[in-house]
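Trainee: The structure's right below; bear with me while I get my questions together.
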Amino acid sequence: MTAAADLRRLMVDNQIAGRGICNADVLDAMGIVPRELFVPAALREFAYGDRALPIEANQTISQPYIVALMIEAAAIRPGDRVLEVGGGSGYAAAVMSRIASQVYSIERHEELAVLARERMVMLGYDNIEIRTGDGMGGWPEAAPFDAILVAAGGRAVPPPLLAQLAIGGRLVMPVGEADLQRLIAVTRLSKDSFDEEELCEVRFVPLIGAA
């Protein structure tokens, strides 16, 4: 086992399972994806630390626990189609791709989208599509989605994303003001009915877009 693999296993055991994440698919996926490849080369020694890290385009890669929490809360299962808004370095999409059938990821910064695509090719993760654009409008031609993850905070869930969520699907997103956000999970019960659950307090970069 390589040093990175050892650190990855410790991350899963201590930071993720140790905090109550128990979904076996999530734990397995977090143990497979090499997080060190999704951060700038100068920061790879810190890739398995218990914190967010800066990446290109003045953005961040989320703390590993938060990534695992959001994926578990979205109840992603084998065979699912998943939309991610705010793809960043591509790490969360890579983890989800080890569970879901297909992942669609939208990133506002072209630099990050290009880097993410290169990483997926290098790793052979061929069930991920990445586009540059305004994620608040979702990806209509690929909808409906069994799960939607939004890695940026807004005052409310954009209506186009709710419209693209499959009945029975779950959307996970930070909602609130910049200095105080709640991570929520929204389940679509029917065409016009949704249930909302609050998970924890978080702090994400703001969601930017036309909606």
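We label chains A, B, ... in the order they appear in the structure tokens, count residues from 1 in each chain, and number ligands from 1 in the order shown.
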Which residues are near region 1-12 of chain A? Cut-off 7 Å, only C-alpha atoms, ignore same chain within fewer than 5 positions. Put them as a ChimeraX atom specification.
Mentor: /A:17,27,30-31,48
Trainee: I need the alpha helix (DSSP H) residues of region 71-194 of chain A per DSSP on the backbone, written as a PyMOL selection string.
Mentor: chain A and resi 71-73+91-97+110-123+159-163
Trainee: Name all residues at most 12 Å from Thr60 (chain A) (count only C-alpha atoms; drop same-chain ones fewer than 6 positions away) and give them as a ChimeraX atom specification.
Mentor: /A:38-40,43,51-54,86-91,112,151-152,203-206
Trainee: Let's have the selection written as a compact mmCIF listing (two decimals), in the first residue's frame, with N, CA and C atoms.
Mentor:
```txt
# COMPACT_ATOMS: atom_id res chain seq x y z
N PHE A 38 -6.50 15.99 -6.66
CA PHE A 38 -7.51 17.03 -6.86
C PHE A 38 -7.17 18.34 -6.15
N VAL A 39 -5.94 18.44 -5.68
CA VAL A 39 -5.46 19.69 -5.08
C VAL A 39 -4.19 20.11 -5.81
N PRO A 40 -3.82 21.39 -5.73
CA PRO A 40 -2.57 21.82 -6.37
C PRO A 40 -1.38 21.01 -5.85
N LEU A 43 0.19 21.45 -2.47
CA LEU A 43 -0.61 21.17 -1.27
C LEU A 43 -0.92 19.68 -1.10
N ARG A 51 -9.66 19.41 6.71
CA ARG A 51 -10.02 20.80 6.44
C ARG A 51 -10.14 21.03 4.94
N ALA A 52 -10.78 22.15 4.61
CA ALA A 52 -10.84 22.59 3.22
C ALA A 52 -9.47 23.10 2.81
N LEU A 53 -9.20 23.09 1.51
CA LEU A 53 -7.93 23.58 0.99
C LEU A 53 -8.17 24.51 -0.19
N PRO A 54 -7.29 25.49 -0.39
CA PRO A 54 -7.42 26.35 -1.57
C PRO A 54 -7.05 25.59 -2.83
N GLY A 86 -21.36 23.39 -9.06
CA GLY A 86 -20.16 23.84 -8.36
C GLY A 86 -19.14 22.73 -8.29
N GLY A 87 -18.67 22.28 -9.45
CA GLY A 87 -17.82 21.09 -9.51
C GLY A 87 -16.44 21.28 -8.91
N GLY A 88 -15.93 22.51 -8.90
CA GLY A 88 -14.62 22.76 -8.31
C GLY A 88 -13.53 21.92 -8.94
N SER A 89 -12.73 21.30 -8.12
CA SER A 89 -11.61 20.49 -8.61
C SER A 89 -12.05 19.18 -9.24
N GLY A 90 -13.32 18.80 -9.02
CA GLY A 90 -13.82 17.53 -9.54
C GLY A 90 -13.84 16.41 -8.52
N TYR A 91 -13.37 16.68 -7.31
CA TYR A 91 -13.23 15.60 -6.31
C TYR A 91 -14.58 14.97 -5.95
N LEU A 112 -11.11 25.53 -13.78
CA LEU A 112 -11.40 24.37 -12.93
C LEU A 112 -12.04 23.24 -13.72
N ALA A 151 -22.70 22.76 -4.33
CA ALA A 151 -21.54 23.05 -3.50
C ALA A 151 -21.28 24.54 -3.39
N ALA A 152 -22.36 25.32 -3.22
CA ALA A 152 -22.26 26.76 -3.02
C ALA A 152 -23.55 27.19 -2.32
N ARG A 203 -20.35 26.58 5.97
CA ARG A 203 -19.99 27.81 5.30
C ARG A 203 -19.40 27.48 3.94
N PHE A 204 -20.09 27.90 2.88
CA PHE A 204 -19.66 27.66 1.50
C PHE A 204 -19.51 28.98 0.78
N VAL A 205 -18.81 28.94 -0.36
CA VAL A 205 -18.74 30.12 -1.22
C VAL A 205 -20.14 30.39 -1.77
N PRO A 206 -20.43 31.64 -2.15
CA PRO A 206 -21.77 31.97 -2.62
C PRO A 206 -22.09 31.39 -4.00
```
Trainee: Applying 10 Å and only C-alpha atoms, which residues near region 68-73 of chain A remain after dropping the ones on its own chain fewer than 3 positions away? List them as an mmCIF file with N, CA and C atoms, in the first residue's frame.
Mentor:
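Result file follows (out_36.cif):
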```cif
data_model
loop_
_atom_site.group_PDB
_atom_site.id
_atom_site.type_symbol
_atom_site.label_atom_id
_atom_site.label_comp_id
_atom_site.auth_asym_id
_atom_site.auth_seq_id
_atom_site.Cartn_x
_atom_site.Cartn_y
_atom_site.Cartn_z
ATOM 1 N N VAL A 12 -10.709 8.030 5.983
ATOM 2 C CA VAL A 12 -12.030 7.404 6.002
ATOM 3 C C VAL A 12 -12.381 6.909 7.398
ATOM 4 N N GLN A 15 -11.926 10.520 10.093
ATOM 5 C CA GLN A 15 -12.666 11.748 9.817
ATOM 6 C C GLN A 15 -14.102 11.500 9.360
ATOM 7 N N ILE A 16 -14.335 10.359 8.731
ATOM 8 C CA ILE A 16 -15.630 10.137 8.090
ATOM 9 C C ILE A 16 -16.450 9.092 8.855
ATOM 10 N N ALA A 17 -15.995 7.851 8.868
ATOM 11 C CA ALA A 17 -16.703 6.836 9.652
ATOM 12 C C ALA A 17 -16.711 7.212 11.131
ATOM 13 N N ARG A 19 -17.036 9.969 12.434
ATOM 14 C CA ARG A 19 -18.033 11.014 12.724
ATOM 15 C C ARG A 19 -19.448 10.564 12.393
ATOM 16 N N GLY A 20 -19.623 9.301 12.112
ATOM 17 C CA GLY A 20 -20.978 8.791 11.952
ATOM 18 C C GLY A 20 -21.448 8.516 10.550
ATOM 19 N N ILE A 21 -20.607 8.781 9.526
ATOM 20 C CA ILE A 21 -20.995 8.398 8.163
ATOM 21 C C ILE A 21 -20.911 6.880 8.070
ATOM 22 N N CYS A 22 -22.010 6.239 7.718
ATOM 23 C CA CYS A 22 -22.026 4.773 7.762
ATOM 24 C C CYS A 22 -22.428 4.118 6.448
ATOM 25 N N ASN A 23 -22.766 4.903 5.429
ATOM 26 C CA ASN A 23 -23.142 4.327 4.142
ATOM 27 C C ASN A 23 -21.919 3.647 3.521
ATOM 28 N N ALA A 24 -22.018 2.358 3.294
ATOM 29 C CA ALA A 24 -20.868 1.580 2.824
ATOM 30 C C ALA A 24 -20.386 2.050 1.452
ATOM 31 N N ASP A 25 -21.317 2.429 0.572
ATOM 32 C CA ASP A 25 -20.920 2.902 -0.756
ATOM 33 C C ASP A 25 -20.101 4.187 -0.659
ATOM 34 N N VAL A 26 -20.520 5.092 0.236
ATOM 35 C CA VAL A 26 -19.797 6.350 0.418
ATOM 36 C C VAL A 26 -18.409 6.091 0.988
ATOM 37 N N LEU A 27 -18.325 5.255 1.996
ATOM 38 C CA LEU A 27 -17.033 4.947 2.612
ATOM 39 C C LEU A 27 -16.090 4.286 1.605
ATOM 40 N N ALA A 29 -16.193 4.559 -1.714
ATOM 41 C CA ALA A 29 -15.811 5.522 -2.744
ATOM 42 C C ALA A 29 -14.771 6.511 -2.226
ATOM 43 N N MET A 30 -14.952 6.974 -0.994
ATOM 44 C CA MET A 30 -13.973 7.903 -0.413
ATOM 45 C C MET A 30 -12.619 7.225 -0.244
ATOM 46 N N SER A 62 -13.688 21.193 -0.569
ATOM 47 C CA SER A 62 -14.319 21.052 0.744
ATOM 48 C C SER A 62 -13.604 20.032 1.620
ATOM 49 N N GLN A 63 -13.760 20.213 2.916
ATOM 50 C CA GLN A 63 -13.302 19.249 3.912
ATOM 51 C C GLN A 63 -13.853 17.854 3.560
ATOM 52 N N PRO A 64 -13.047 16.799 3.649
ATOM 53 C CA PRO A 64 -13.522 15.461 3.271
ATOM 54 C C PRO A 64 -14.830 15.050 3.954
ATOM 55 N N TYR A 65 -14.969 15.361 5.226
ATOM 56 C CA TYR A 65 -16.190 14.984 5.946
ATOM 57 C C TYR A 65 -17.425 15.617 5.325
ATOM 58 N N ILE A 76 -27.322 8.711 -2.606
ATOM 59 C CA ILE A 76 -26.948 8.258 -3.945
ATOM 60 C C ILE A 76 -26.758 6.744 -3.952
ATOM 61 N N ARG A 77 -27.343 6.107 -4.953
ATOM 62 C CA ARG A 77 -27.293 4.647 -5.060
ATOM 63 C C ARG A 77 -26.745 4.235 -6.428
ATOM 64 N N ALA A 92 -15.560 15.799 -5.611
ATOM 65 C CA ALA A 92 -16.856 15.228 -5.211
ATOM 66 C C ALA A 92 -17.491 14.451 -6.359
ATOM 67 N N ALA A 93 -17.378 14.977 -7.590
ATOM 68 C CA ALA A 93 -17.915 14.255 -8.749
ATOM 69 C C ALA A 93 -17.224 12.916 -8.914
ATOM 70 N N VAL A 95 -15.873 11.081 -6.542
ATOM 71 C CA VAL A 95 -16.376 10.177 -5.496
ATOM 72 C C VAL A 95 -17.760 9.663 -5.868
ATOM 73 N N MET A 96 -18.644 10.561 -6.295
ATOM 74 C CA MET A 96 -20.001 10.143 -6.653
ATOM 75 C C MET A 96 -20.001 9.188 -7.837
ATOM 76 N N ILE A 99 -20.107 5.522 -7.292
ATOM 77 C CA ILE A 99 -21.374 4.965 -6.798
ATOM 78 C C ILE A 99 -22.439 5.028 -7.887
ATOM 79 N N ALA A 147 -30.409 12.593 -7.747
ATOM 80 C CA ALA A 147 -29.785 13.379 -6.682
ATOM 81 C C ALA A 147 -29.155 14.618 -7.290
ATOM 82 N N ILE A 148 -29.205 15.721 -6.547
ATOM 83 C CA ILE A 148 -28.563 16.972 -6.938
ATOM 84 C C ILE A 148 -27.782 17.494 -5.748
ATOM 85 N N LEU A 149 -26.501 17.779 -5.951
ATOM 86 C CA LEU A 149 -25.672 18.372 -4.902
ATOM 87 C C LEU A 149 -25.230 19.754 -5.356
ATOM 88 N N VAL A 150 -25.383 20.738 -4.486
ATOM 89 C CA VAL A 150 -24.986 22.112 -4.788
ATOM 90 C C VAL A 150 -23.886 22.506 -3.812
ATOM 91 N N ALA A 151 -22.701 22.757 -4.334
ATOM 92 C CA ALA A 151 -21.538 23.047 -3.496
ATOM 93 C C ALA A 151 -21.282 24.537 -3.387
ATOM 94 N N ARG A 170 -33.348 13.424 -4.041
ATOM 95 C CA ARG A 170 -32.951 14.317 -2.953
ATOM 96 C C ARG A 170 -31.939 15.344 -3.446
ATOM 97 N N LEU A 171 -32.127 16.572 -2.983
ATOM 98 C CA LEU A 171 -31.225 17.678 -3.292
ATOM 99 C C LEU A 171 -30.578 18.145 -1.995
ATOM 100 N N VAL A 172 -29.261 18.313 -2.013
ATOM 101 C CA VAL A 172 -28.523 18.755 -0.830
ATOM 102 C C VAL A 172 -27.811 20.052 -1.175
ATOM 103 N N MET A 173 -27.999 21.075 -0.322
ATOM 104 C CA MET A 173 -27.465 22.407 -0.626
ATOM 105 C C MET A 173 -27.350 23.239 0.636
ATOM 106 N N PRO A 174 -26.316 24.103 0.725
ATOM 107 C CA PRO A 174 -26.253 25.072 1.819
ATOM 108 C C PRO A 174 -27.176 26.257 1.506
ATOM 109 N N LEU A 183 -27.024 23.448 5.972
ATOM 110 C CA LEU A 183 -27.007 22.411 4.946
ATOM 111 C C LEU A 183 -28.342 21.692 5.026
ATOM 112 N N ILE A 184 -29.096 21.726 3.924
ATOM 113 C CA ILE A 184 -30.419 21.107 3.924
ATOM 114 C C ILE A 184 -30.478 19.981 2.900
ATOM 115 N N ALA A 185 -31.375 19.044 3.145
ATOM 116 C CA ALA A 185 -31.684 17.972 2.201
ATOM 117 C C ALA A 185 -33.161 18.071 1.863
ATOM 118 N N VAL A 186 -33.449 18.239 0.576
ATOM 119 C CA VAL A 186 -34.826 18.374 0.098
ATOM 120 C C VAL A 186 -35.196 17.112 -0.668
ATOM 121 N N GLU A 197 -35.187 18.833 5.218
ATOM 122 C CA GLU A 197 -34.537 18.419 6.468
ATOM 123 C C GLU A 197 -33.264 19.231 6.649
ATOM 124 N N LEU A 199 -29.562 19.643 8.179
ATOM 125 C CA LEU A 199 -28.506 18.719 8.590
ATOM 126 C C LEU A 199 -27.527 19.345 9.581
ATOM 127 N N CYS A 200 -26.959 20.499 9.236
ATOM 128 C CA CYS A 200 -25.980 21.126 10.115
ATOM 129 C C CYS A 200 -25.672 22.524 9.595
#
```
Trainee: Quick check, in Å to one decimal: how far apart do CA of Ser97 (chain A) and CA of Tyr125 (chain A) lie?
Mentor: 7.3 Å
